[in-house]
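Source file: entry_25.txt (compact mmCIF, C-alpha atoms)
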```txt
# COMPACT_ATOMS: atom_id res chain seq x y z
CA ASP N 51 0.00 0.00 0.00
CA PHE N 52 2.81 2.42 0.87
CA VAL N 53 4.50 1.78 -2.47
CA GLU N 54 1.27 2.46 -4.40
CA LEU N 55 0.75 5.74 -2.53
CA ALA N 56 4.30 6.77 -3.10
CA GLY N 57 3.95 6.27 -6.86
CA ALA N 58 0.63 8.14 -7.20
CA CYS N 59 0.59 11.66 -8.67
CA PRO N 60 -1.04 14.60 -6.82
CA ALA N 61 -4.76 15.27 -7.39
CA GLY N 62 -5.45 16.80 -10.79
CA GLN N 63 -2.36 15.20 -12.43
CA VAL N 64 -1.90 12.00 -14.39
CA GLY N 65 0.92 9.48 -14.75
CA THR N 66 3.21 8.02 -12.03
CA ARG N 67 5.91 9.62 -10.03
CA PRO N 68 8.18 11.15 -10.98
CA ASP N 69 6.58 11.56 -14.47
CA CYS N 70 3.42 13.43 -13.40
CA THR N 71 1.76 15.77 -15.92
CA THR N 72 -1.25 18.07 -15.91
CA PRO N 73 -3.88 16.97 -18.45
CA PRO N 74 -4.96 19.56 -21.07
CA ARG N 75 -7.99 21.61 -20.11
CA PRO N 76 -11.19 21.02 -22.14
CA MET N 77 -11.78 23.70 -24.77
CA CYS N 78 -14.92 25.26 -26.21
CA SER N 79 -16.21 24.08 -29.57
CA ALA N 80 -15.15 25.82 -32.75
CA GLY N 81 -17.00 29.08 -33.17
CA GLN N 82 -17.68 29.52 -29.43
CA VAL N 83 -16.03 31.91 -27.01
CA GLY N 84 -15.24 31.75 -23.29
CA THR N 85 -13.57 29.00 -21.23
CA TYR N 86 -14.93 25.52 -20.62
CA PRO N 87 -17.52 24.83 -19.25
CA ASP N 88 -18.79 28.44 -19.65
CA CYS N 89 -18.87 28.41 -23.46
CA MET N 90 -21.21 30.70 -25.39
CA GLU N 91 -21.99 31.87 -28.90
CA PRO N 92 -20.21 35.09 -29.97
CA GLU N 93 -22.16 38.32 -30.38
CA PRO N 94 -23.49 38.72 -33.94
CA GLU N 95 -21.41 40.94 -36.19
CA PRO N 96 -23.10 43.79 -38.07
CA ASP N 97 -24.07 43.15 -41.66
CA PRO N 98 -22.44 45.95 -43.68
CA GLU N 99 -25.31 45.98 -46.17
CA LEU N 100 -28.29 45.67 -43.85
CA GLY N 101 -26.91 47.20 -40.67
CA THR N 102 -28.44 44.29 -38.71
CA PRO N 103 -26.96 41.17 -37.07
CA LYS N 104 -26.22 38.14 -39.18
CA LEU N 105 -27.13 34.69 -37.93
CA GLN N 106 -23.89 33.16 -36.64
CA ASN N 107 -25.14 30.02 -34.90
CA PRO N 108 -24.03 27.20 -37.25
CA VAL N 109 -26.57 24.74 -35.87
CA PHE N 110 -29.37 27.23 -36.43
CA MET N 111 -28.16 28.03 -39.93
CA GLU N 112 -28.04 24.36 -40.91
CA THR N 113 -31.26 23.24 -39.24
CA TYR N 114 -33.69 26.16 -39.05
CA ALA N 115 -32.62 28.97 -41.40
CA PRO N 116 -34.51 27.66 -44.47
CA ARG N 117 -37.70 28.44 -42.50
CA ALA N 118 -36.39 31.54 -40.73
CA ALA N 119 -37.48 33.86 -43.55
CA LEU N 120 -41.07 32.58 -43.32
CA TYR N 121 -41.35 33.13 -39.59
CA GLU N 122 -39.67 36.53 -39.76
CA ALA N 123 -42.02 37.74 -42.55
CA LEU N 124 -45.26 36.39 -41.01
CA PRO N 125 -46.14 39.29 -38.62
CA GLU N 126 -45.60 42.02 -41.23
CA PHE N 127 -47.63 40.06 -43.78
CA LEU N 128 -50.61 39.86 -41.41
CA LEU N 129 -50.34 43.53 -40.44
CA GLY N 130 -50.39 44.44 -44.12
CA LEU N 131 -53.80 42.82 -44.52
CA HIS N 132 -55.29 45.60 -42.37
CA VAL N 133 -53.71 48.71 -43.87
CA PRO N 134 -56.48 50.90 -45.39
CA ALA N 135 -56.69 50.17 -49.11
CA HIS N 136 -57.28 53.81 -50.06
CA GLY N 137 -57.50 57.27 -48.57
CA GLY N 138 -60.79 58.34 -50.11
CA PRO N 139 -64.27 58.53 -48.65
CA SER N 140 -65.95 55.36 -47.46
CA LEU N 141 -69.20 54.58 -49.24
CA ARG N 142 -70.42 53.15 -45.97
CA SER N 143 -70.56 56.72 -44.69
CA ARG N 144 -72.93 57.65 -47.54
CA LYS N 145 -75.95 56.01 -45.89
CA ALA N 146 -76.19 52.92 -48.12
CA ALA N 147 -78.57 50.80 -46.05
CA ILE N 148 -77.16 47.47 -47.30
CA TRP N 149 -73.89 47.07 -49.18
CA ILE N 150 -71.34 44.55 -50.43
CA GLU N 151 -67.71 45.43 -51.10
CA LEU N 152 -65.05 43.34 -52.86
CA SER N 153 -61.43 44.46 -52.75
CA GLY N 154 -58.04 43.08 -53.72
CA SER N 155 -54.41 44.07 -53.39
CA ALA N 156 -51.01 42.89 -54.63
CA GLY N 157 -47.57 44.20 -53.77
CA LYS N 158 -44.01 43.69 -52.61
CA ARG N 159 -42.50 44.22 -49.17
CA ARG N 160 -38.83 44.50 -48.30
CA PRO N 161 -38.00 45.56 -44.71
CA ARG N 162 -35.59 48.39 -44.10
CA HIS N 163 -33.73 46.10 -41.65
CA SER N 164 -34.07 42.32 -41.50
CA THR N 165 -32.20 39.50 -39.76
CA VAL N 166 -32.36 37.17 -42.76
CA ASP N 167 -32.96 39.74 -45.52
CA THR N 168 -36.51 38.73 -46.44
CA ASP N 169 -38.28 39.79 -49.63
CA THR N 170 -42.04 39.13 -49.83
CA ASP N 171 -44.57 39.24 -52.66
CA THR N 172 -48.12 39.46 -51.30
CA GLU N 173 -51.69 39.41 -52.50
CA HIS N 174 -55.01 39.31 -50.71
CA PHE N 175 -58.74 39.45 -51.36
CA THR N 176 -61.40 40.79 -48.96
CA ALA N 177 -65.19 40.59 -49.07
CA HIS N 178 -67.36 42.81 -46.84
CA ALA N 179 -71.11 42.70 -46.32
CA GLY N 180 -72.74 45.30 -44.09
CA ALA N 181 -75.79 47.33 -43.20
CA THR N 182 -76.65 50.63 -41.55
CA VAL N 183 -77.83 49.77 -38.05
CA LEU N 184 -78.50 53.27 -36.69
CA GLU N 185 -79.11 56.60 -38.41
CA ARG N 186 -79.68 60.10 -37.09
CA THR N 187 -79.69 63.60 -38.59
CA HIS N 188 -75.92 64.15 -38.52
CA TRP N 189 -74.50 60.68 -38.00
CA ASN N 190 -74.93 57.00 -38.77
CA MET N 191 -73.52 53.67 -37.62
CA ASN N 192 -73.02 50.50 -39.60
CA ALA N 193 -71.92 46.94 -38.88
CA SER N 194 -70.34 44.44 -41.25
CA ALA N 195 -68.85 40.96 -41.53
CA HIS N 196 -65.76 40.26 -43.61
CA HIS N 197 -63.73 37.39 -45.03
CA VAL N 198 -60.03 37.72 -45.91
CA SER N 199 -57.89 35.40 -48.03
CA GLY N 200 -54.21 36.23 -48.52
CA SER N 201 -50.90 34.68 -49.51
CA ALA N 202 -47.23 35.61 -49.27
CA ASP N 203 -44.33 34.26 -51.34
CA VAL N 204 -41.26 34.74 -49.13
CA SER N 205 -37.66 34.58 -50.35
CA SER N 206 -34.25 35.30 -48.82
CA PRO N 207 -30.60 34.15 -49.05
CA VAL N 208 -31.56 31.29 -46.70
CA LYS N 209 -34.53 30.37 -48.95
CA GLY N 210 -38.17 30.73 -47.96
CA GLY N 211 -41.60 29.41 -48.88
CA ASP N 212 -45.28 30.34 -48.80
CA ILE N 213 -47.78 31.59 -46.21
CA HIS N 214 -51.54 31.29 -46.74
CA ALA N 215 -54.01 33.10 -44.48
CA ARG N 216 -57.78 32.77 -44.17
CA GLY N 217 -59.62 35.13 -41.85
CA LYS N 218 -63.12 36.12 -40.83
CA GLY N 219 -64.30 38.88 -38.54
CA LEU N 220 -66.63 41.72 -37.67
CA SER N 221 -66.43 45.52 -37.92
CA LEU N 222 -68.36 48.44 -36.45
CA ALA N 223 -68.08 51.99 -37.79
CA ALA N 224 -69.65 55.39 -37.06
CA HIS N 225 -69.62 58.60 -39.14
CA TRP N 226 -70.60 62.13 -38.15
CA GLY N 227 -71.18 65.18 -40.35
CA GLY N 228 -71.62 68.57 -38.72
CA GLU N 229 -72.17 72.16 -39.75
CA ARG N 230 -69.82 73.96 -42.17
CA GLY N 231 -68.51 70.71 -43.61
CA TYR N 232 -66.81 69.22 -40.54
CA ARG N 233 -66.64 65.42 -40.54
CA ALA N 234 -65.37 62.69 -38.24
CA GLY N 235 -65.50 58.93 -38.11
CA GLY N 236 -64.13 55.87 -36.43
CA SER N 237 -64.16 52.10 -36.69
CA VAL N 238 -63.15 48.98 -34.78
CA SER N 239 -62.67 45.48 -36.13
CA TRP N 240 -61.71 41.96 -35.09
CA THR N 241 -60.33 39.26 -37.41
CA ASP N 242 -59.51 35.64 -36.56
CA TYR N 243 -57.00 33.85 -38.84
CA ASP N 244 -55.96 30.32 -39.74
CA LEU N 245 -52.47 30.08 -41.26
CA ASP N 246 -50.76 27.42 -43.39
CA ILE N 247 -46.98 27.64 -43.77
CA SER N 248 -44.86 25.73 -46.30
CA SER N 249 -41.10 25.69 -46.87
CA ASP N 250 -39.34 25.48 -50.22
CA ASN N 251 -37.22 22.63 -48.82
CA ALA N 252 -39.38 20.75 -46.32
CA GLY N 253 -42.86 21.26 -47.79
CA ARG N 254 -45.78 21.82 -45.41
CA LEU N 255 -44.43 22.92 -42.03
CA ILE N 256 -47.71 23.43 -40.18
CA SER N 257 -51.43 24.01 -40.80
CA GLY N 258 -54.08 25.82 -38.82
CA VAL N 259 -51.90 28.22 -36.84
CA GLY N 260 -54.15 30.73 -35.07
CA ALA N 261 -53.73 34.50 -35.15
CA THR N 262 -55.94 37.42 -34.12
CA ALA N 263 -55.87 41.04 -35.29
CA TYR N 264 -57.67 44.02 -33.72
CA THR N 265 -57.89 47.44 -35.38
CA LEU N 266 -59.00 50.92 -34.37
CA ALA N 267 -59.23 53.85 -36.81
CA LEU N 268 -60.09 57.51 -36.18
CA GLU N 269 -60.45 60.19 -38.86
CA ALA N 270 -61.43 63.86 -38.97
CA GLY N 271 -61.57 66.50 -41.69
CA ARG N 272 -63.47 69.36 -43.26
CA ARG N 273 -65.09 69.47 -46.71
CA MET N 274 -64.94 72.92 -48.31
CA ALA N 275 -66.12 74.36 -51.63
CA TRP N 276 -63.63 75.30 -54.33
CA GLY N 277 -65.66 77.03 -57.00
CA SER N 278 -69.14 75.89 -57.95
CA ARG N 279 -68.45 72.22 -58.73
CA VAL N 280 -65.36 71.09 -56.81
CA HIS N 281 -64.89 70.41 -53.11
CA TRP N 282 -61.69 69.62 -51.28
CA THR N 283 -61.25 67.93 -47.89
CA PRO N 284 -58.06 68.01 -45.80
CA TYR N 285 -58.11 65.30 -43.13
CA ILE N 286 -56.04 63.44 -40.57
CA ARG N 287 -56.25 59.77 -39.68
CA LEU N 288 -54.85 57.47 -36.99
CA ASP N 289 -54.80 53.67 -37.30
CA HIS N 290 -53.89 51.25 -34.52
CA MET N 291 -53.45 47.51 -35.13
CA ARG N 292 -52.72 44.84 -32.55
CA LEU N 293 -51.57 41.39 -33.67
CA ARG N 294 -51.29 38.14 -31.72
CA VAL N 295 -49.95 34.91 -33.27
CA ASP N 296 -50.07 31.56 -31.48
CA SER N 297 -46.83 29.71 -30.68
CA PHE N 298 -46.26 26.30 -32.25
CA THR N 299 -43.76 23.53 -33.02
CA ASP N 300 -43.46 22.85 -36.74
CA ALA N 301 -42.95 19.62 -38.69
CA VAL N 302 -39.15 19.73 -38.26
CA SER N 303 -39.38 20.34 -34.48
CA ALA N 304 -38.57 24.05 -34.61
CA GLN N 305 -40.21 25.86 -31.68
CA VAL N 306 -41.67 29.13 -32.98
CA SER N 307 -43.12 32.03 -30.98
CA PHE N 308 -44.07 35.63 -31.77
CA SER N 309 -44.20 38.78 -29.67
CA ASP N 310 -47.54 40.60 -29.57
CA HIS N 311 -47.21 43.67 -31.76
CA ASP N 312 -48.90 47.09 -31.79
CA ARG N 313 -48.66 49.12 -34.99
CA TYR N 314 -49.55 52.84 -35.17
CA ILE N 315 -49.93 54.74 -38.45
CA GLY N 316 -50.60 58.46 -38.72
CA SER N 317 -51.82 60.00 -42.00
CA LEU N 318 -52.26 63.46 -43.45
CA GLY N 319 -54.49 63.53 -46.50
CA LEU N 320 -56.13 65.77 -49.06
CA MET N 321 -59.13 64.75 -51.16
CA ALA N 322 -60.86 66.58 -54.03
CA ASP N 323 -64.26 65.59 -55.44
CA THR N 324 -66.77 66.80 -58.01
CA MET N 325 -70.31 65.85 -58.98
CA ARG N 326 -71.89 65.36 -62.41
CA SER N 327 -75.35 64.30 -63.65
CA VAL N 328 -74.95 61.31 -66.00
CA TRP N 329 -76.92 58.22 -67.05
CA GLY N 330 -80.00 59.42 -65.21
CA GLY N 331 -78.17 59.63 -61.88
CA GLU N 332 -75.37 61.45 -60.04
CA LEU N 333 -71.71 60.58 -60.61
CA SER N 334 -69.14 61.64 -58.00
CA LEU N 335 -65.46 61.57 -59.03
CA TRP N 336 -62.72 61.94 -56.44
CA GLY N 337 -58.98 61.68 -55.93
CA SER N 338 -56.83 61.74 -52.82
CA MET N 339 -53.24 61.73 -51.60
CA ASN N 340 -52.07 60.48 -48.21
CA ILE N 341 -48.69 60.85 -46.54
CA GLU N 342 -48.39 58.06 -43.96
CA HIS N 343 -45.93 57.52 -41.13
CA LYS N 344 -45.53 54.49 -38.88
CA PHE N 345 -44.45 55.51 -35.39
CA GLY N 346 -43.62 53.89 -32.08
CA ASP N 347 -41.87 50.51 -32.03
CA VAL N 348 -42.34 49.36 -35.62
CA GLU N 349 -40.05 46.31 -35.34
CA THR N 350 -41.65 42.85 -35.37
CA THR N 351 -39.91 39.93 -33.65
CA SER N 352 -40.15 36.16 -33.69
CA ARG N 353 -38.10 33.38 -32.12
CA VAL N 354 -37.19 30.10 -33.76
CA SER N 355 -35.76 27.59 -31.25
CA GLY N 356 -34.32 30.45 -29.19
CA GLU N 357 -32.90 32.45 -32.11
CA LYS N 358 -34.36 35.97 -32.35
CA LEU N 359 -35.48 37.20 -35.76
CA SER N 360 -36.55 40.80 -36.33
CA ALA N 361 -37.72 42.98 -39.19
CA GLU N 362 -38.23 46.74 -39.35
CA PRO N 363 -40.38 48.11 -42.19
CA GLU N 364 -40.05 51.42 -43.95
CA GLU N 365 -41.76 54.10 -41.85
CA ASN N 366 -42.94 56.54 -44.51
CA SER N 367 -45.11 56.02 -47.58
CA VAL N 368 -47.35 57.89 -50.03
CA LEU N 369 -50.79 56.66 -51.07
CA LEU N 370 -52.57 57.91 -54.21
CA ALA N 371 -56.17 56.94 -54.95
CA LEU N 372 -58.87 57.61 -57.55
CA GLY N 373 -62.52 56.66 -57.28
CA ALA N 374 -66.02 57.06 -58.62
CA VAL N 375 -69.49 56.71 -57.05
CA TRP N 376 -72.69 56.55 -59.11
CA ARG N 377 -76.18 56.88 -57.60
CA GLN N 378 -79.56 56.44 -59.19
CA GLY N 379 -82.64 56.15 -57.02
CA PRO N 380 -81.90 53.62 -54.27
CA TRP N 381 -78.87 52.11 -56.05
CA VAL N 382 -75.24 52.91 -55.29
CA LEU N 383 -72.24 51.64 -57.28
CA GLY N 384 -68.62 52.57 -56.77
CA THR N 385 -65.03 51.69 -57.56
CA THR N 386 -61.59 52.65 -56.25
CA LEU N 387 -58.03 52.25 -57.56
CA SER N 388 -54.95 53.07 -55.49
CA VAL N 389 -51.17 52.75 -55.40
CA GLN N 390 -48.91 52.97 -52.36
CA ARG N 391 -45.13 53.36 -52.41
CA ASN N 392 -42.49 54.08 -49.81
CA ARG N 393 -39.73 56.65 -50.10
CA GLY N 394 -37.11 54.25 -51.44
CA GLY N 395 -39.51 52.45 -53.78
CA GLY N 396 -38.68 48.97 -52.45
CA ASN N 397 -42.22 48.53 -51.14
CA HIS N 398 -45.35 49.01 -53.18
CA ALA N 399 -48.97 47.89 -53.28
CA TYR N 400 -51.69 48.17 -55.92
CA SER N 401 -55.30 47.92 -54.77
CA GLY N 402 -58.78 48.07 -56.19
CA SER N 403 -62.33 47.70 -54.91
CA LEU N 404 -65.93 47.46 -56.11
CA ILE N 405 -68.97 48.24 -53.99
CA ALA N 406 -72.71 47.93 -54.53
CA GLY N 407 -75.41 49.13 -52.16
CA VAL N 408 -79.09 49.91 -51.88
CA GLN N 409 -80.95 52.49 -49.81
CA PHE N 410 -84.48 52.09 -48.49
```
If you took the structure in this file and wrote it as structure tokens, what would it be?
Amino acid sequence: DFVELAGACPAGQVGTRPDCTTPPRPMCSAGQVGTYPDCMEPEPEPDPELGTPKLQNPVFMETYAPRAALYEALPEFLLGLHVPAHGGPSLRSRKAAIWIELSGSAGKRRPRHSTVDTDTDTEHFTAHAGATVLERTHWNMNASAHHVSGSADVSSPVKGGDIHARGKGLSLAAHWGGERGYRAGGSVSWTDYDLDISSDNAGRLISGVGATAYTLALEAGRRMAWGSRVHWTPYIRLDHMRLRVDSFTDAVSAQVSFSDHDRYIGSLGLMADTMRSVWGGELSLWGSMNIEHKFGDVETTSRVSGEKLSAEPEENSVLLALGAVWRQGPWVLGTTLSVQRNRGGGNHAYSGSLIAGVQF
């Protein structure tokens, strides 16, 4: 026993006396920083082109990045379904007792800053059906139900895929018209979505993801005469949207979650309209221009298996719209065309709508 003890090396060393050595210390894996066992991923380095962090986690890049663009683009895609399609007057404020409106939009979205440099082509179709539920001398209130169907084709350097959204909801709006041309209005809406998400590489990732959007809009302006036939209306508008998307685990075991997001948009607008007697009825022609600004925290965030993805849209845009409304007896028909572009031109949307109503 004494001989064995005499030949043993001190604690923490290996070998036998007198040839005792200290074993090499464990090291962190390639690409990690720190000392074992406190190894960690390095801080992301700035992307010189985007000014945002690149994804540096090699495991994430290999396993999850092909879907990262989809999950990063999802919140902004859903928020875009609720941006007002045009800046002109709403026919629902013109006391159409029952009305149906069909609208569609197509465009491209490229965030100002993006973790994975997403580029999204979008299109959506919306159907509204509503009725005036309360009417007084200077104001009226209407309620409506709507159905939304939209899709997004997402691409990026780490590939992408497709998002399909189906939504249904309810809206309530009120409009007031006072003396000397003053006008004000507001609306609230709720939309419940089901989402299907597919990857270019892995196919269908998940179906039936739930999401909910709430909106609030307030608008005020004054309609004034400009000569005998033309009126012009300067106005301001505030839109608030709140979006919630359910968390889920997709088909390749990526755990995906989204932060609740509030989006605020302020608008300054100017509309001009004129009236003509044609085809046995009255034809109103109008055009408008809006300057819109997103304010507050405009960044959307999502997490894919612990990796944070973020996108920040362009804050400023211009919206141009043209429309016509024809009335004969109880019938009301109308159409609207609009185009929206941001300052840099990387984002744009083209929209159109048709509406038919009847008054009793």
>> Taking all atoms listed in the file into account, name the residue in N:Trp276, N:Tyr400, N:Phe298, N:Tyr264 that is nearest to Leu222 of chain N.
In response: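 Smallest distance to Leu222 of chain N is found for N:Tyr264.
Among the candidate residues N:Ala267, N:Ala147, N:Val204, N:Ile247, the one lying nearest to His132 of chain N is N:Ala267, with distances computed using all atoms listed in the file.
One distance worth recording is that between atom CA of Asp312 of chain N and atom CA of Val166 of chain N, which is 22.2 Å.
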>> I'd like the neighbourhood of Lys218 of chain N as a PyMOL selection string, where a residue qualifies if any of its atoms comes within 10 Å (using all atoms listed in the file), though same-chain residues fewer than 4 positions away should be ignored.
In response: chain N and resi 176-178+195-199+240-244+262
> Do you know which residues are at most 10 Å from segment 384-387 of chain N counting all atoms listed in the file, after dropping those on the same chain fewer than 6 positions away, and could you put them as an NGL selection string?
Replying inline: :N and (135-139 or 141 or 151-155 or 333-337 or 370-377 or 400-407)
Would you mind exporting the chosen residues as a PDB file, keeping the file's coordinate frame, restricted to C-alpha atoms?
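What ended up in result_30.pdb:
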```
ATOM      1  CA  ALA N 135     -56.690  50.170 -49.110  1.00  0.00           C
ATOM      2  CA  HIS N 136     -57.280  53.810 -50.060  1.00  0.00           C
ATOM      3  CA  GLY N 137     -57.500  57.270 -48.570  1.00  0.00           C
ATOM      4  CA  GLY N 138     -60.790  58.340 -50.110  1.00  0.00           C
ATOM      5  CA  PRO N 139     -64.270  58.530 -48.650  1.00  0.00           C
ATOM      6  CA  LEU N 141     -69.200  54.580 -49.240  1.00  0.00           C
ATOM      7  CA  GLU N 151     -67.710  45.430 -51.100  1.00  0.00           C
ATOM      8  CA  LEU N 152     -65.050  43.340 -52.860  1.00  0.00           C
ATOM      9  CA  SER N 153     -61.430  44.460 -52.750  1.00  0.00           C
ATOM     10  CA  GLY N 154     -58.040  43.080 -53.720  1.00  0.00           C
ATOM     11  CA  SER N 155     -54.410  44.070 -53.390  1.00  0.00           C
ATOM     12  CA  LEU N 333     -71.710  60.580 -60.610  1.00  0.00           C
ATOM     13  CA  SER N 334     -69.140  61.640 -58.000  1.00  0.00           C
ATOM     14  CA  LEU N 335     -65.460  61.570 -59.030  1.00  0.00           C
ATOM     15  CA  TRP N 336     -62.720  61.940 -56.440  1.00  0.00           C
ATOM     16  CA  GLY N 337     -58.980  61.680 -55.930  1.00  0.00           C
ATOM     17  CA  LEU N 370     -52.570  57.910 -54.210  1.00  0.00           C
ATOM     18  CA  ALA N 371     -56.170  56.940 -54.950  1.00  0.00           C
ATOM     19  CA  LEU N 372     -58.870  57.610 -57.550  1.00  0.00           C
ATOM     20  CA  GLY N 373     -62.520  56.660 -57.280  1.00  0.00           C
ATOM     21  CA  ALA N 374     -66.020  57.060 -58.620  1.00  0.00           C
ATOM     22  CA  VAL N 375     -69.490  56.710 -57.050  1.00  0.00           C
ATOM     23  CA  TRP N 376     -72.690  56.550 -59.110  1.00  0.00           C
ATOM     24  CA  ARG N 377     -76.180  56.880 -57.600  1.00  0.00           C
ATOM     25  CA  TYR N 400     -51.690  48.170 -55.920  1.00  0.00           C
ATOM     26  CA  SER N 401     -55.300  47.920 -54.770  1.00  0.00           C
ATOM     27  CA  GLY N 402     -58.780  48.070 -56.190  1.00  0.00           C
ATOM     28  CA  SER N 403     -62.330  47.700 -54.910  1.00  0.00           C
ATOM     29  CA  LEU N 404     -65.930  47.460 -56.110  1.00  0.00           C
ATOM     30  CA  ILE N 405     -68.970  48.240 -53.990  1.00  0.00           C
ATOM     31  CA  ALA N 406     -72.710  47.930 -54.530  1.00  0.00           C
ATOM     32  CA  GLY N 407     -75.410  49.130 -52.160  1.00  0.00           C
TER      33      GLY N 407
END
```
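Pairwise distance (atom CA of Arg287 of chain N, atom CA of Gly319 of chain N) equals 8.0 Å.
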Is there a way to complete segment 286-293 of chain N with all heavy atoms and then write that out as a compact mmCIF listing (two decimals), keeping the file's coordinate frame?
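out_35.txt, written as the output of this step:
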```txt
# COMPACT_ATOMS: atom_id res chain seq x y z
N ILE N 286 -57.06 64.19 -41.28
CA ILE N 286 -56.04 63.44 -40.57
C ILE N 286 -56.64 62.10 -40.17
O ILE N 286 -57.85 61.97 -39.98
CB ILE N 286 -55.52 64.20 -39.33
CG1 ILE N 286 -56.66 64.49 -38.35
CG2 ILE N 286 -54.81 65.47 -39.74
CD1 ILE N 286 -56.20 65.10 -37.03
N ARG N 287 -55.78 61.11 -40.00
CA ARG N 287 -56.25 59.77 -39.68
C ARG N 287 -55.22 59.08 -38.79
O ARG N 287 -54.01 59.26 -38.96
CB ARG N 287 -56.47 58.95 -40.96
CG ARG N 287 -56.99 57.54 -40.71
CD ARG N 287 -57.11 56.78 -42.03
NE ARG N 287 -57.48 55.40 -41.79
CZ ARG N 287 -58.70 54.90 -41.92
NH1 ARG N 287 -59.69 55.70 -42.28
NH2 ARG N 287 -58.94 53.62 -41.70
N LEU N 288 -55.71 58.27 -37.85
CA LEU N 288 -54.85 57.47 -36.99
C LEU N 288 -55.36 56.04 -37.01
O LEU N 288 -56.56 55.79 -36.77
CB LEU N 288 -54.85 58.00 -35.55
CG LEU N 288 -54.10 57.15 -34.52
CD1 LEU N 288 -52.60 57.14 -34.84
CD2 LEU N 288 -54.33 57.68 -33.11
N ASP N 289 -54.47 55.09 -37.31
CA ASP N 289 -54.80 53.67 -37.30
C ASP N 289 -53.95 52.96 -36.25
O ASP N 289 -52.74 53.21 -36.16
CB ASP N 289 -54.53 53.04 -38.67
CG ASP N 289 -55.50 53.50 -39.72
OD1 ASP N 289 -56.56 52.87 -39.84
OD2 ASP N 289 -55.20 54.49 -40.42
N HIS N 290 -54.59 52.10 -35.49
CA HIS N 290 -53.89 51.25 -34.52
C HIS N 290 -54.26 49.80 -34.81
O HIS N 290 -55.44 49.46 -34.93
CB HIS N 290 -54.28 51.62 -33.09
CG HIS N 290 -53.73 50.65 -32.08
ND1 HIS N 290 -54.50 50.14 -31.05
CD2 HIS N 290 -52.51 50.06 -31.95
CE1 HIS N 290 -53.78 49.31 -30.32
NE2 HIS N 290 -52.57 49.25 -30.85
N MET N 291 -53.24 48.94 -34.92
CA MET N 291 -53.45 47.51 -35.13
C MET N 291 -52.70 46.74 -34.06
O MET N 291 -51.56 47.07 -33.73
CB MET N 291 -52.94 47.10 -36.52
CG MET N 291 -53.76 47.67 -37.66
SD MET N 291 -52.88 47.57 -39.25
CE MET N 291 -51.83 49.02 -39.12
N ARG N 292 -53.35 45.72 -33.52
CA ARG N 292 -52.72 44.84 -32.55
C ARG N 292 -52.80 43.41 -33.07
O ARG N 292 -53.87 42.95 -33.46
CB ARG N 292 -53.39 44.94 -31.18
CG ARG N 292 -52.71 44.04 -30.13
CD ARG N 292 -53.19 44.37 -28.73
NE ARG N 292 -52.54 43.56 -27.72
CZ ARG N 292 -51.31 43.74 -27.24
NH1 ARG N 292 -50.60 44.75 -27.70
NH2 ARG N 292 -50.80 42.96 -26.32
N LEU N 293 -51.66 42.72 -33.08
CA LEU N 293 -51.57 41.39 -33.67
C LEU N 293 -51.04 40.39 -32.64
O LEU N 293 -50.04 40.65 -31.97
CB LEU N 293 -50.64 41.41 -34.88
CG LEU N 293 -50.38 40.07 -35.57
CD1 LEU N 293 -51.66 39.55 -36.22
CD2 LEU N 293 -49.27 40.21 -36.60
```
